[in-house]
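*Asks:* This is the content of target.cif (mmCIF, C-alpha atoms):
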data_start
loop_
_atom_site.label_atom_id
_atom_site.label_comp_id
_atom_site.auth_asym_id
_atom_site.auth_seq_id
_atom_site.Cartn_x
_atom_site.Cartn_y
_atom_site.Cartn_z
CA MET A 5 34.09 -28.41 -0.88
CA THR A 6 36.99 -29.57 1.30
CA GLY A 7 36.89 -33.05 2.77
CA MET A 8 33.54 -33.69 4.39
CA GLN A 9 32.70 -29.98 4.68
CA PHE A 10 30.07 -28.79 2.29
CA HIS A 11 29.18 -25.24 1.34
CA ALA A 12 26.07 -24.99 -0.81
CA GLY A 13 26.04 -21.19 -0.80
CA ASP A 14 23.30 -18.78 0.11
CA ASN A 15 20.48 -19.40 -2.32
CA TYR A 16 16.92 -20.67 -2.24
CA LEU A 17 17.97 -24.21 -3.20
CA SER A 18 20.23 -24.63 -0.17
CA LYS A 19 17.48 -23.23 2.07
CA LEU A 20 14.97 -25.82 0.86
CA ASN A 21 14.40 -28.90 3.00
CA THR A 22 16.41 -31.86 1.58
CA LEU A 23 13.31 -34.05 1.79
CA THR A 24 11.43 -31.54 -0.38
CA LYS A 25 14.17 -31.62 -3.03
CA LEU A 26 14.32 -35.40 -2.92
CA THR A 27 10.54 -35.76 -3.26
CA ILE A 28 10.44 -33.29 -6.18
CA THR A 29 13.28 -35.14 -7.94
CA LEU A 30 11.67 -38.56 -7.49
CA PHE A 31 8.22 -37.29 -8.52
CA PHE A 32 9.50 -35.76 -11.76
CA SER A 33 11.76 -38.74 -12.52
CA VAL A 34 8.57 -40.81 -12.79
CA LEU A 35 6.50 -38.14 -14.57
CA ILE A 36 9.14 -37.46 -17.25
CA VAL A 37 8.89 -41.04 -18.55
CA PHE A 38 5.30 -40.48 -19.63
CA VAL A 39 5.82 -37.05 -21.23
CA LYS A 40 6.61 -37.00 -24.95
CA ASN A 41 4.99 -33.80 -26.15
CA GLU A 42 7.62 -31.27 -27.33
CA THR A 43 6.03 -28.21 -25.66
CA ALA A 44 5.70 -30.06 -22.36
CA LEU A 45 9.31 -31.25 -22.54
CA PHE A 46 10.65 -27.77 -23.32
CA ILE A 47 8.61 -26.33 -20.42
CA LEU A 48 10.06 -28.95 -18.06
CA PHE A 49 13.59 -28.38 -19.31
CA GLY A 50 13.26 -24.57 -18.96
CA ALA A 51 11.86 -24.95 -15.44
CA SER A 52 14.73 -27.28 -14.47
CA VAL A 53 17.34 -24.77 -15.73
CA PHE A 54 15.64 -22.08 -13.62
CA TYR A 55 15.61 -24.49 -10.64
CA VAL A 56 19.32 -25.33 -10.81
CA ALA A 57 20.56 -21.85 -11.85
CA PRO A 58 21.12 -20.40 -8.32
CA LEU A 59 23.90 -22.94 -7.73
CA LYS A 60 25.91 -21.21 -10.51
CA ARG A 61 27.60 -24.50 -11.38
CA TRP A 62 27.72 -23.57 -15.03
CA LYS A 63 30.78 -25.73 -15.74
CA ALA A 64 29.09 -28.92 -14.51
CA MET A 65 25.94 -28.01 -16.46
CA VAL A 66 27.86 -27.27 -19.67
CA ILE A 67 29.80 -30.57 -19.38
CA GLY A 68 26.52 -32.47 -18.87
CA TYR A 69 24.84 -30.77 -21.83
CA GLY A 70 28.00 -31.30 -23.92
CA ILE A 71 27.88 -35.05 -23.31
CA ILE A 72 24.17 -35.12 -24.18
CA LEU A 73 24.77 -33.06 -27.33
CA PHE A 74 27.55 -35.43 -28.35
CA MET A 75 25.18 -38.39 -27.91
CA TYR A 76 22.50 -36.55 -29.89
CA LEU A 77 24.86 -35.86 -32.80
CA SER A 78 26.23 -39.41 -32.81
CA SER A 79 22.64 -40.67 -32.75
CA ILE A 80 21.81 -38.58 -35.87
CA LEU A 81 24.94 -39.91 -37.58
CA PHE A 82 24.15 -43.50 -36.60
CA SER A 83 20.58 -43.05 -37.75
CA ALA A 84 21.76 -41.71 -41.13
CA LEU A 85 24.09 -44.70 -41.52
CA LEU A 86 21.29 -47.13 -40.73
CA GLY A 87 19.10 -45.27 -43.21
CA LEU A 88 21.60 -46.15 -45.93
CA ILE A 89 21.19 -49.85 -45.08
CA ALA A 90 17.44 -50.04 -44.54
CA ASP A 91 14.72 -47.40 -44.83
CA ARG A 92 12.76 -48.54 -41.79
CA PHE A 93 15.74 -47.75 -39.53
CA GLY A 94 16.39 -44.40 -41.20
CA ALA A 95 16.40 -40.96 -39.64
CA LYS A 96 13.14 -39.71 -38.24
CA GLU A 97 12.31 -36.08 -37.72
CA ASN A 98 15.17 -34.59 -35.76
CA PHE A 99 12.87 -33.41 -33.00
CA GLN A 100 11.76 -36.94 -32.23
CA MET A 101 15.39 -37.81 -31.76
CA LEU A 102 15.79 -34.85 -29.43
CA VAL A 103 13.04 -36.07 -27.07
CA PRO A 104 15.18 -38.61 -25.14
CA PHE A 105 17.92 -36.02 -24.73
CA LEU A 106 15.51 -33.44 -23.32
CA ARG A 107 14.42 -36.06 -20.79
CA VAL A 108 18.02 -36.84 -19.82
CA SER A 109 18.99 -33.12 -19.63
CA PHE A 110 16.01 -32.48 -17.36
CA MET A 111 17.09 -35.30 -15.04
CA ILE A 112 20.69 -34.04 -15.02
CA ASN A 113 19.49 -30.61 -13.87
CA LEU A 114 17.38 -32.09 -11.07
CA SER A 115 20.24 -34.38 -9.95
CA LEU A 116 22.70 -31.47 -9.89
CA ALA A 117 20.27 -29.40 -7.83
CA LEU A 118 19.76 -32.22 -5.32
CA THR A 119 23.36 -33.32 -4.81
CA LEU A 120 25.17 -29.99 -5.08
CA SER A 121 22.81 -28.12 -2.77
CA SER A 122 22.46 -30.83 -0.10
CA GLY A 123 25.76 -32.62 0.51
CA VAL A 124 26.41 -35.92 2.26
CA ARG A 125 25.49 -34.81 5.80
CA ARG A 126 22.04 -33.52 4.88
CA LEU A 127 21.28 -36.55 2.70
CA THR A 128 22.17 -38.94 5.54
CA ASN A 129 20.07 -36.87 7.94
CA VAL A 130 17.11 -37.43 5.62
CA LEU A 131 17.66 -41.17 6.04
CA LYS A 132 17.39 -40.76 9.81
CA THR A 133 14.11 -38.89 9.55
CA LEU A 134 12.66 -41.54 7.22
CA LYS A 135 12.97 -44.12 10.06
CA LEU A 136 14.17 -46.86 7.74
CA PRO A 137 14.67 -50.40 9.05
CA ARG A 138 18.10 -51.28 10.48
CA PHE A 139 19.11 -53.50 7.53
CA ILE A 140 18.59 -50.57 5.11
CA PHE A 141 19.75 -47.69 7.30
CA LEU A 142 23.08 -49.15 8.43
CA PRO A 143 24.58 -50.11 5.02
CA THR A 144 23.33 -46.86 3.45
CA ILE A 145 25.04 -44.80 6.15
CA VAL A 146 28.19 -46.89 5.60
CA VAL A 147 28.16 -46.03 1.88
CA PHE A 148 27.83 -42.28 2.54
CA ARG A 149 30.23 -42.09 5.47
CA PHE A 150 33.01 -44.21 4.05
CA VAL A 151 33.24 -43.30 0.39
CA PRO A 152 35.88 -40.66 1.33
CA SER A 153 37.89 -43.28 3.26
CA PHE A 154 37.77 -45.67 0.28
CA MET A 155 38.98 -42.86 -1.95
CA ASN A 156 41.81 -42.32 0.50
CA ASP A 157 42.65 -46.05 0.39
CA ILE A 158 42.79 -45.94 -3.39
CA LYS A 159 45.11 -42.90 -3.24
CA GLN A 160 47.41 -44.81 -0.88
CA ILE A 161 47.43 -47.86 -3.15
CA HIS A 162 48.23 -45.54 -6.07
CA GLN A 163 51.16 -44.04 -4.12
CA ASN A 164 52.36 -47.51 -3.19
CA ILE A 165 52.47 -48.55 -6.87
CA LYS A 166 54.26 -45.27 -7.65
CA LEU A 167 56.98 -46.13 -5.14
CA ARG A 168 57.41 -49.64 -6.53
CA MET A 169 57.26 -49.13 -10.28
CA GLY A 170 57.12 -45.42 -11.04
CA ASN A 171 54.10 -43.41 -12.04
CA PRO A 172 51.33 -45.92 -12.87
CA ASN A 173 49.57 -45.29 -16.13
CA LEU A 174 45.81 -45.88 -16.05
CA GLY A 175 46.12 -47.05 -19.67
CA MET A 176 47.63 -50.13 -18.05
CA MET A 177 44.02 -51.15 -17.34
CA ILE A 178 43.59 -51.72 -21.08
CA THR A 179 47.08 -52.79 -22.06
CA ARG A 180 47.86 -55.01 -19.03
CA PRO A 181 44.53 -55.86 -17.36
CA ARG A 182 45.91 -58.74 -15.24
CA LEU A 183 48.59 -56.49 -13.75
CA PHE A 184 46.01 -53.74 -13.18
CA ILE A 185 43.76 -56.15 -11.25
CA ARG A 186 46.71 -57.43 -9.19
CA LEU A 187 48.07 -54.00 -8.36
CA MET A 188 44.92 -51.90 -7.96
CA ILE A 189 41.81 -54.02 -7.48
CA VAL A 190 43.14 -56.78 -5.20
CA PRO A 191 44.58 -54.38 -2.57
CA ALA A 192 41.40 -52.26 -2.74
CA VAL A 193 39.19 -55.31 -2.07
CA VAL A 194 41.41 -56.63 0.74
CA ARG A 195 41.47 -53.15 2.27
CA ALA A 196 37.65 -52.88 1.95
CA LEU A 197 37.13 -56.24 3.68
CA ARG A 198 39.52 -55.27 6.50
CA SER A 199 37.88 -51.83 6.85
CA ALA A 200 34.44 -53.47 7.01
CA GLU A 201 35.59 -55.61 9.95
CA GLU A 202 37.03 -52.58 11.76
CA LEU A 203 33.99 -50.44 11.00
CA SER A 204 31.50 -53.01 12.25
CA VAL A 205 33.34 -53.22 15.58
CA ALA A 206 33.48 -49.41 15.74
CA ALA A 207 29.76 -49.19 14.92
CA GLU A 208 28.87 -51.60 17.73
CA LEU A 209 31.11 -49.78 20.21
CA LYS A 210 29.63 -46.40 19.28
CA GLY A 211 26.11 -47.74 19.57
CA ILE A 212 25.13 -47.13 15.94
CA ASP A 213 24.35 -50.78 15.23
CA GLY A 214 20.67 -50.00 14.88
CA VAL A 215 19.54 -51.48 18.19
CA ASP A 216 18.44 -48.09 19.54
CA ASN A 217 16.51 -45.47 17.64
CA MET A 218 18.70 -42.64 16.37
CA ILE A 219 17.75 -39.00 16.74
CA ASN A 220 18.61 -36.42 14.12
CA SER A 221 20.63 -33.77 16.00
CA THR A 222 20.24 -31.15 13.27
CA PRO A 223 16.69 -31.56 11.95
CA GLU A 224 15.67 -29.48 8.92
CA LEU A 225 12.50 -27.58 9.60
CA TRP A 226 9.63 -27.18 7.16
CA SER A 227 9.44 -23.58 5.92
CA TRP A 228 7.24 -21.50 3.62
CA ARG A 229 9.85 -22.09 0.87
CA ASP A 230 9.04 -25.83 0.89
CA THR A 231 5.31 -25.10 0.59
CA VAL A 232 6.01 -22.76 -2.35
CA ALA A 233 8.31 -25.33 -4.01
CA PHE A 234 5.70 -28.09 -3.69
CA SER A 235 2.92 -25.83 -4.98
CA LEU A 236 5.00 -24.73 -7.98
CA SER A 237 5.89 -28.36 -8.72
CA LEU A 238 2.22 -29.30 -8.74
CA VAL A 239 1.39 -26.36 -11.05
CA LEU A 240 4.25 -27.41 -13.35
CA ALA A 241 3.10 -31.04 -13.38
CA ALA A 242 -0.49 -29.96 -14.15
CA THR A 243 0.73 -27.70 -17.01
CA VAL A 244 2.84 -30.50 -18.46
CA LEU A 245 -0.04 -32.97 -18.24
CA TYR A 246 -2.36 -30.41 -19.89
CA PHE A 247 -0.03 -30.06 -22.90
CA SER A 248 0.50 -33.83 -23.06
CA MET A 249 -3.28 -34.51 -23.03
CA GLU A 250 -3.84 -31.82 -25.65
CA ALA A 251 -1.35 -33.53 -27.95
CA VAL A 252 -3.29 -36.82 -27.63
CA MET B 16 21.68 -57.52 29.83
CA LYS B 17 19.68 -59.23 27.11
CA THR B 18 20.93 -58.47 23.57
CA LYS B 19 18.42 -58.31 20.76
CA LYS B 20 19.21 -60.89 18.05
CA PHE B 21 18.90 -59.77 14.42
CA TYR B 22 18.92 -61.82 11.22
CA TRP B 23 21.65 -59.52 9.85
CA GLU B 24 24.75 -59.02 11.99
CA THR B 25 26.26 -55.52 12.07
CA ARG B 26 29.41 -56.86 10.41
CA GLU B 27 27.41 -58.24 7.48
CA LEU B 28 25.50 -54.99 6.98
CA VAL B 29 28.73 -52.99 7.05
CA ILE B 30 30.29 -55.36 4.46
CA ILE B 31 27.24 -54.92 2.17
CA GLY B 32 27.47 -51.12 2.51
CA SER B 33 31.22 -51.15 1.95
CA PHE B 34 30.89 -53.27 -1.19
CA ALA B 35 28.06 -51.14 -2.56
CA ALA B 36 30.43 -48.16 -2.25
CA LEU B 37 33.46 -50.07 -3.52
CA ILE B 38 31.69 -51.37 -6.63
CA LYS B 39 30.41 -47.86 -7.45
CA ILE B 40 33.81 -46.20 -6.91
CA ILE B 41 35.88 -48.76 -8.84
CA SER B 42 33.38 -48.95 -11.72
CA PHE B 43 33.38 -45.15 -11.89
CA LEU B 44 37.20 -44.94 -11.86
CA VAL B 45 37.52 -47.62 -14.54
CA SER B 46 34.91 -45.81 -16.70
CA ILE B 47 36.75 -42.50 -16.37
CA ALA B 48 40.15 -44.05 -17.05
CA GLY B 49 38.81 -45.91 -20.08
CA GLY B 50 37.01 -42.92 -21.58
CA GLY B 51 33.39 -44.01 -21.08
CA MET B 52 32.19 -45.79 -24.21
CA ASN B 53 35.47 -47.54 -24.95
CA PRO B 54 34.54 -51.27 -25.38
CA LEU B 55 37.59 -52.44 -23.42
CA ALA B 56 36.72 -50.13 -20.54
CA LEU B 57 33.13 -51.40 -20.64
CA ILE B 58 34.37 -54.98 -20.41
CA ALA B 59 36.90 -54.12 -17.66
CA LYS B 60 34.24 -52.29 -15.63
CA ASN B 61 31.90 -55.27 -15.75
CA VAL B 62 34.70 -57.74 -14.97
CA VAL B 63 35.43 -55.80 -11.79
CA ALA B 64 31.78 -55.29 -10.79
CA THR B 65 30.85 -58.98 -11.28
CA SER B 66 33.98 -60.19 -9.48
CA LEU B 67 33.25 -57.94 -6.51
CA LEU B 68 29.64 -59.13 -6.42
CA ILE B 69 30.83 -62.76 -6.20
CA ILE B 70 33.25 -61.81 -3.40
CA LEU B 71 30.43 -60.01 -1.56
CA ILE B 72 28.14 -63.05 -1.71
CA SER B 73 31.03 -65.31 -0.70
CA SER B 74 31.71 -63.06 2.31
CA VAL B 75 28.09 -62.76 3.49
CA ARG B 76 26.58 -66.19 2.93
CA LYS B 77 22.99 -65.42 3.77
CA PHE B 78 19.71 -65.45 1.88
CA GLY B 79 18.92 -61.83 0.94
CA VAL B 80 22.47 -60.53 0.46
CA LEU B 81 22.01 -59.87 -3.27
CA THR B 82 18.59 -58.28 -2.78
CA LEU B 83 19.89 -56.07 0.02
CA TYR B 84 22.88 -55.02 -2.11
CA VAL B 85 20.49 -54.09 -4.96
CA ALA B 86 18.27 -52.14 -2.55
CA ILE B 87 21.20 -50.20 -1.09
CA SER B 88 22.65 -49.41 -4.52
CA GLY B 89 19.18 -48.29 -5.67
CA ILE B 90 18.73 -46.03 -2.64
CA ILE B 91 22.16 -44.47 -3.21
CA ILE B 92 21.32 -43.76 -6.86
CA MET B 93 17.94 -42.34 -5.83
CA LEU B 94 19.40 -40.10 -3.13
CA THR B 95 22.30 -38.80 -5.17
CA MET B 96 20.90 -38.76 -8.69
CA GLY B 97 17.16 -38.80 -8.12
CA ARG B 98 16.62 -41.69 -10.50
CA GLY B 99 16.32 -45.44 -10.22
CA MET B 100 12.91 -45.43 -8.54
CA MET B 101 11.35 -47.15 -11.55
CA LEU B 102 14.27 -49.52 -11.91
CA LEU B 103 14.31 -50.60 -8.27
CA PRO B 104 11.17 -52.82 -8.10
CA GLY B 105 12.32 -54.85 -11.13
CA LEU B 106 15.81 -55.20 -9.74
CA LEU B 107 14.52 -56.32 -6.36
CA ILE B 108 12.46 -59.02 -8.06
CA ALA B 109 15.55 -60.03 -10.08
CA GLY B 110 17.57 -60.15 -6.85
CA ILE B 111 15.04 -62.37 -5.08
CA LEU B 112 14.77 -64.72 -8.10
CA CYS B 113 18.54 -65.10 -8.24
CA GLU B 114 18.73 -65.67 -4.48
CA LEU B 115 16.25 -68.53 -4.98
CA ILE B 116 18.43 -69.89 -7.79
CA ILE B 117 21.44 -69.84 -5.44
CA LYS B 118 19.44 -71.45 -2.63
CA PHE B 119 18.04 -74.28 -4.73
CA THR B 120 21.17 -75.05 -6.76
CA GLY B 121 23.48 -75.74 -3.84
CA GLY B 122 23.18 -72.92 -1.33
CA TYR B 123 25.49 -70.10 -0.36
CA LYS B 124 28.38 -72.44 0.46
CA SER B 125 28.58 -73.67 -3.12
CA THR B 126 30.71 -71.51 -5.43
CA ARG B 127 28.90 -72.98 -8.45
CA ALA B 128 25.51 -71.90 -7.08
CA ILE B 129 26.80 -68.38 -6.41
CA ILE B 130 28.18 -68.14 -9.95
CA MET B 131 24.87 -69.34 -11.38
CA GLY B 132 22.93 -66.81 -9.30
CA VAL B 133 25.17 -63.92 -10.35
CA PHE B 134 25.05 -65.09 -13.98
CA PHE B 135 21.25 -64.88 -14.03
CA PHE B 136 21.26 -61.65 -12.02
CA ASP B 137 23.53 -60.00 -14.60
CA ILE B 138 21.17 -61.07 -17.40
CA LEU B 139 17.99 -59.96 -15.61
CA PHE B 140 19.59 -56.69 -14.50
CA ARG B 141 20.46 -55.83 -18.09
CA VAL B 142 17.10 -56.86 -19.51
CA ILE B 143 15.25 -54.73 -16.92
CA SER B 144 17.59 -51.77 -17.54
CA LEU B 145 17.07 -52.04 -21.31
CA VAL B 146 13.29 -52.18 -20.91
CA LEU B 147 13.38 -49.03 -18.79
CA GLY B 148 15.85 -47.46 -21.23
CA PHE B 149 13.35 -48.17 -24.00
CA LEU B 150 10.70 -46.22 -22.07
CA PHE B 151 13.04 -43.21 -21.98
CA THR B 152 14.16 -43.42 -25.61
CA ARG B 153 11.11 -44.97 -27.29
CA GLU B 154 10.91 -42.13 -29.84
CA ASN B 155 14.36 -43.03 -31.09
CA PRO B 156 14.74 -46.82 -31.57
CA GLN B 157 18.20 -46.33 -33.12
CA LEU B 158 19.45 -45.41 -29.67
CA MET B 159 18.08 -48.68 -28.34
CA ILE B 160 20.11 -50.60 -30.91
CA MET B 161 23.20 -48.75 -29.71
CA ALA B 162 22.23 -49.46 -26.10
CA VAL B 163 21.79 -53.18 -26.81
CA VAL B 164 25.23 -53.30 -28.47
CA VAL B 165 26.85 -51.48 -25.53
CA VAL B 166 25.08 -53.66 -22.96
CA SER B 167 26.06 -56.84 -24.85
CA ILE B 168 29.72 -55.78 -24.89
CA GLY B 169 29.45 -55.10 -21.16
CA TYR B 170 27.94 -58.54 -20.61
CA VAL B 171 31.07 -60.15 -22.08
CA GLY B 172 32.88 -58.50 -19.15
CA CYS B 173 30.37 -60.03 -16.73
CA LEU B 174 31.06 -63.51 -18.10
CA ILE B 175 34.81 -62.99 -17.63
CA GLY B 176 34.08 -61.54 -14.19
CA LEU B 177 32.35 -64.77 -13.13
CA GLY B 178 35.61 -66.68 -13.59
CA VAL B 179 37.83 -63.94 -12.15
CA GLY B 180 35.52 -63.46 -9.15
CA SER B 181 35.35 -67.13 -8.22
CA ALA B 182 39.15 -67.49 -8.50
CA PHE B 183 39.61 -64.33 -6.44
CA ALA B 184 37.12 -65.48 -3.77
CA LYS B 185 38.99 -68.81 -3.55
CA GLU B 186 42.28 -66.97 -2.96
CA LEU B 187 40.73 -64.74 -0.29
CA LYS B 188 39.28 -67.79 1.49
CA HIS B 189 42.68 -69.46 1.30
CA ALA B 190 44.30 -66.35 2.81
CA GLY B 191 41.70 -66.32 5.59
CA ILE B 192 40.38 -62.89 4.63
CA ILE B 193 36.97 -64.37 3.79
CA LYS B 194 35.79 -66.54 6.64
CA VAL B 195 34.42 -69.90 5.44
#
Rewrite the coordinates I just gave you, this time as structure tokens.
*Replies:*
Amino acid sequence: MTGMQFHAGDNYLSKLNTLTKLTITLFFSVLIVFVKNETALFILFGASVFYVAPLKRWKAMVIGYGIILFMYLSSILFSALLGLIADRFGAKENFQMLVPFLRVSFMINLSLALTLSSGVRRLTNVLKTLKLPRFIFLPTIVVFRFVPSFMNDIKQIHQNIKLRMGNPNLGMMITRPRLFIRLMIVPAVVRALRSAEELSVAAELKGIDGVDNMINSTPELWSWRDTVAFSLSLVLAATVLYFSMEAV
Amino acid sequence: MKTKKFYWETRELVIIGSFAALIKIISFLVSIAGGGMNPLALIAKNVVATSLLIILISSVRKFGVLTLYVAISGIIIMLTMGRGMMLLPGLLIAGILCELIIKFTGGYKSTRAIIMGVFFFDILFRVISLVLGFLFTRENPQLMIMAVVVVSIGYVGCLIGLGVGSAFAKELKHAGIIKV
């Protein structure tokens, strides 16, 4: 990915409609809360790995799982320590402790699939098709469009500090918090307020102030892949609910 | 030509969007620099986030600014991470309640009222997040204890942020960057 350009690759995930991926992610983010049966959770996790696999972002996946594994191990350790103090806090069966981590891993896979296969442009286009009210649409577009410019501002502030006092150490945030706020945060906020003024004028001049309806110039069409994805999601949800009901 | 009049001016909506992005970016950078679960980084992150929230409300002095900020942040989390849908209704209610607190304790021109509103918003936000966190980790209550400890440490940062934010907003008003 360079700048605002986004290359999701040639795989079934990038060919899916962004709205389909978003709906699937939101649907399962609600469903997962109510699932606590181990078979159902393993099925969901396996399906999510299969779903995200075409992106081949193994490094991001391994880092995500590594963090979750670290939390899982520290949770076992913490549980064992509490068990020494009081029995009622003590370690439960390890699988029960694994349940929350399966939920989180599942959500990580879905999030990776959504963000890495869609990119900023397609996500903002979804907002246009949803016909949201002006007071929601405009600030949301601002967030998506101007995160790169904020990052650029922060880089410039960083370079400015480098010129004045040598290479700034981010550990300064802990060791000298007042200086960190004065050198990094204050310029970033002032810059953000100034940018907001400039952007609002630019938005009005370009006619994107929400007065007129906007048309999506590159609409994503519904294809057979979206129908298949929705059908498979429903089958998966039904299977998971079946195993969950059976456990009750 | 007759111009349609809206409750929210374009400038105000752009400021809300900019701050939603700014708070996310700076909190993320502070978290990365501090190594995630480091207590000092947790405090620093919350100091910055709360200060910026006070500056946002001081810049856009209108009923609904906090609720709209929460809605935008929630939508961003939903679109990019696919979560937050369950958290959003609770947070919107928290936002509206805190807006009412600001309105009835002195209005948006009173710094004390803004601080009080943000103070209660930070509490409600954390309580709602913990309740939802409990739903995700209910099989493992030990994790909840850890979560409560982490959230409490973070809340210390919010309390510091209330002071830092109001002082910062005062300076920005003095410099003419925030229009009174």
*Asks:* For the file shown, what are the residues hit by the PyMOL selection byres ((chain B and resi 79) around 10), laid out as a JSON list (two decimals) with C-alpha atoms, in the frame of the given file?
*Replies:*
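The resulting file, out_20.json, is reproduced below:
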[["chain", "number", "residue", "atom", "x", "y", "z"],
["B", 23, "TRP", "CA", 21.65, -59.52, 9.85],
["B", 72, "ILE", "CA", 28.14, -63.05, -1.71],
["B", 75, "VAL", "CA", 28.09, -62.76, 3.49],
["B", 76, "ARG", "CA", 26.58, -66.19, 2.93],
["B", 77, "LYS", "CA", 22.99, -65.42, 3.77],
["B", 78, "PHE", "CA", 19.71, -65.45, 1.88],
["B", 80, "VAL", "CA", 22.47, -60.53, 0.46],
["B", 81, "LEU", "CA", 22.01, -59.87, -3.27],
["B", 82, "THR", "CA", 18.59, -58.28, -2.78],
["B", 83, "LEU", "CA", 19.89, -56.07, 0.02],
["B", 84, "TYR", "CA", 22.88, -55.02, -2.11],
["B", 85, "VAL", "CA", 20.49, -54.09, -4.96],
["B", 110, "GLY", "CA", 17.57, -60.15, -6.85],
["B", 111, "ILE", "CA", 15.04, -62.37, -5.08],
["B", 113, "CYS", "CA", 18.54, -65.10, -8.24],
["B", 114, "GLU", "CA", 18.73, -65.67, -4.48],
["B", 115, "LEU", "CA", 16.25, -68.53, -4.98]]
*Asks:* Using all atoms listed in the file for the distances, tell me which of B:Ile30, B:Ile90, B:Leu71, B:Leu145 is nearest to Val165 (chain B).
*Replies:*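 Selected residue with least distance to Val165 (chain B): B:Leu145.
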*Asks:* Residues within 10 Å of Ile117 (chain B), please, as a PyMOL selection string. Count only C-alpha atoms; anything in the same chain fewer than 5 positions from it doesn't count.
*Replies:* chain B and resi 78+111-112+122-133+135
*Asks:* Separation of CA of Met161 (chain B) and CA of Phe136 (chain B), in Å?
*Replies:*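 The value is 22.0 Å.
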*Asks:* Can you spell out as a list of chain:residue names the set of residues that the PyMOL selection byres ((chain B and resi 42) around 9) selects in the structure I just provided?
*Replies:*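 That expression, the PyMOL selection byres ((chain B and resi 42) around 9), corresponds here to B:Leu37, B:Ile38, B:Lys39, B:Ile40, B:Ile41, B:Phe43, B:Leu44, B:Val45, B:Ser46, B:Ile47, B:Ala59, B:Lys60, B:Asn61, B:Val63, B:Ala64.
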*Asks:* Go through the shown structure with the PyMOL selection byres ((chain A and resi 23) around 12) and write out the matching residues as an NGL selection string.
*Replies:* (:A and (17-22 or 24-31 or 118 or 122 or 126-134 or 223-227 or 230 or 233-234)) or (:B and (94 or 97))
*Asks:* Would you mind telling me which residue in B:Ile138, B:Ile192, B:Leu106, B:Ala184 lies nearest to chain A when using only C-alpha atoms?
*Replies:*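 Closest to chain A, using only C-alpha atoms: B:Ile192.
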*Asks:* From the list B:Gly89, B:Gly172, B:Gly32, B:Gly178, which residue is nearest chain A when using all atoms listed in the file?
*Replies:*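 Selected residue with least distance to chain A: B:Gly32.
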*Asks:* So the first atom is CA of Ser144 (chain B) and the second is CA of Ser73 (chain B); what is the distance between them in Å, to one decimal place?
*Replies:* 25.4 Å
*Asks:* Give me, please, the distance in Å between CA of Arg149 (chain A) and CA of Leu28 (chain B), quoted to one decimal.
*Replies:*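 Straight-line distance from CA of Arg149 (chain A) to CA of Leu28 (chain B) works out to 13.8 Å.
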*Asks:* Between B:Phe149, B:Phe140, B:Phe119, B:Phe134, which is the closest to chain A once you count all atoms listed in the file?
*Replies:*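 The shortest atom-to-atom distance to chain A comes from B:Phe149.
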*Asks:* Counting all atoms listed in the file, which residues sit no farther than 12 Å from the position (36.0, -41.7, -1.6) in the file's frame? I'd like them as number ranges by chain.
*Replies:* A: 7-8, 124, 146-160, 192, 196; B: 33, 36-41, 43-44
*Asks:* Once 5 Å is added on each side, what are the centre and the three edge lengths, in Å to one decimal, of the axis-aligned box enclosing the listed atoms of region 139-142 of chain A? Present them as JSON.
*Replies:*
{"center_x": 20.8, "center_y": -50.6, "center_z": 6.8, "size_x": 14.5, "size_y": 15.8, "size_z": 13.3}
*Asks:* Need the neighbours of (46.5, -62.8, -13.7): which residues are at most 12 Å away, counting only C-alpha atoms, as a PDB file with C-alpha atoms, keeping the file's coordinate frame?
*Replies:*
ATOM      1  CA  ARG A 180      47.860 -55.010 -19.030  1.00  0.00           C
ATOM      2  CA  PRO A 181      44.530 -55.860 -17.360  1.00  0.00           C
ATOM      3  CA  ARG A 182      45.910 -58.740 -15.240  1.00  0.00           C
ATOM      4  CA  LEU A 183      48.590 -56.490 -13.750  1.00  0.00           C
ATOM      5  CA  PHE A 184      46.010 -53.740 -13.180  1.00  0.00           C
ATOM      6  CA  ILE A 185      43.760 -56.150 -11.250  1.00  0.00           C
ATOM      7  CA  ARG A 186      46.710 -57.430  -9.190  1.00  0.00           C
ATOM      8  CA  LEU A 187      48.070 -54.000  -8.360  1.00  0.00           C
ATOM      9  CA  ILE A 189      41.810 -54.020  -7.480  1.00  0.00           C
ATOM     10  CA  VAL A 190      43.140 -56.780  -5.200  1.00  0.00           C
TER      11      VAL A 190
ATOM     12  CA  GLY B 178      35.610 -66.680 -13.590  1.00  0.00           C
ATOM     13  CA  VAL B 179      37.830 -63.940 -12.150  1.00  0.00           C
ATOM     14  CA  GLY B 180      35.520 -63.460  -9.150  1.00  0.00           C
ATOM     15  CA  ALA B 182      39.150 -67.490  -8.500  1.00  0.00           C
ATOM     16  CA  PHE B 183      39.610 -64.330  -6.440  1.00  0.00           C
TER      17      PHE B 183
END
*Asks:* Counting all atoms listed in the file, what is within 7 Å of Pro54 (chain B), bar same-chain residues fewer than 3 positions away, as a list in words?
*Replies:*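 So, after excluding close chain neighbours, the residues are Leu57, Ile58 and Ile168 of chain B.
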*Asks:* Of the residues B:Leu150, B:Leu102, B:Val163, B:Ile108, which is the one nearest to chain A, using all atoms listed in the file?
*Replies:*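 Checking each candidate against chain A, we get B:Leu150 as the closest.
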*Asks:* Using all atoms listed in the file for the distances, tell me which of A:Leu245, A:Ala64, A:Ile36, A:Leu45 is nearest to chain B.
*Replies:* A:Ile36
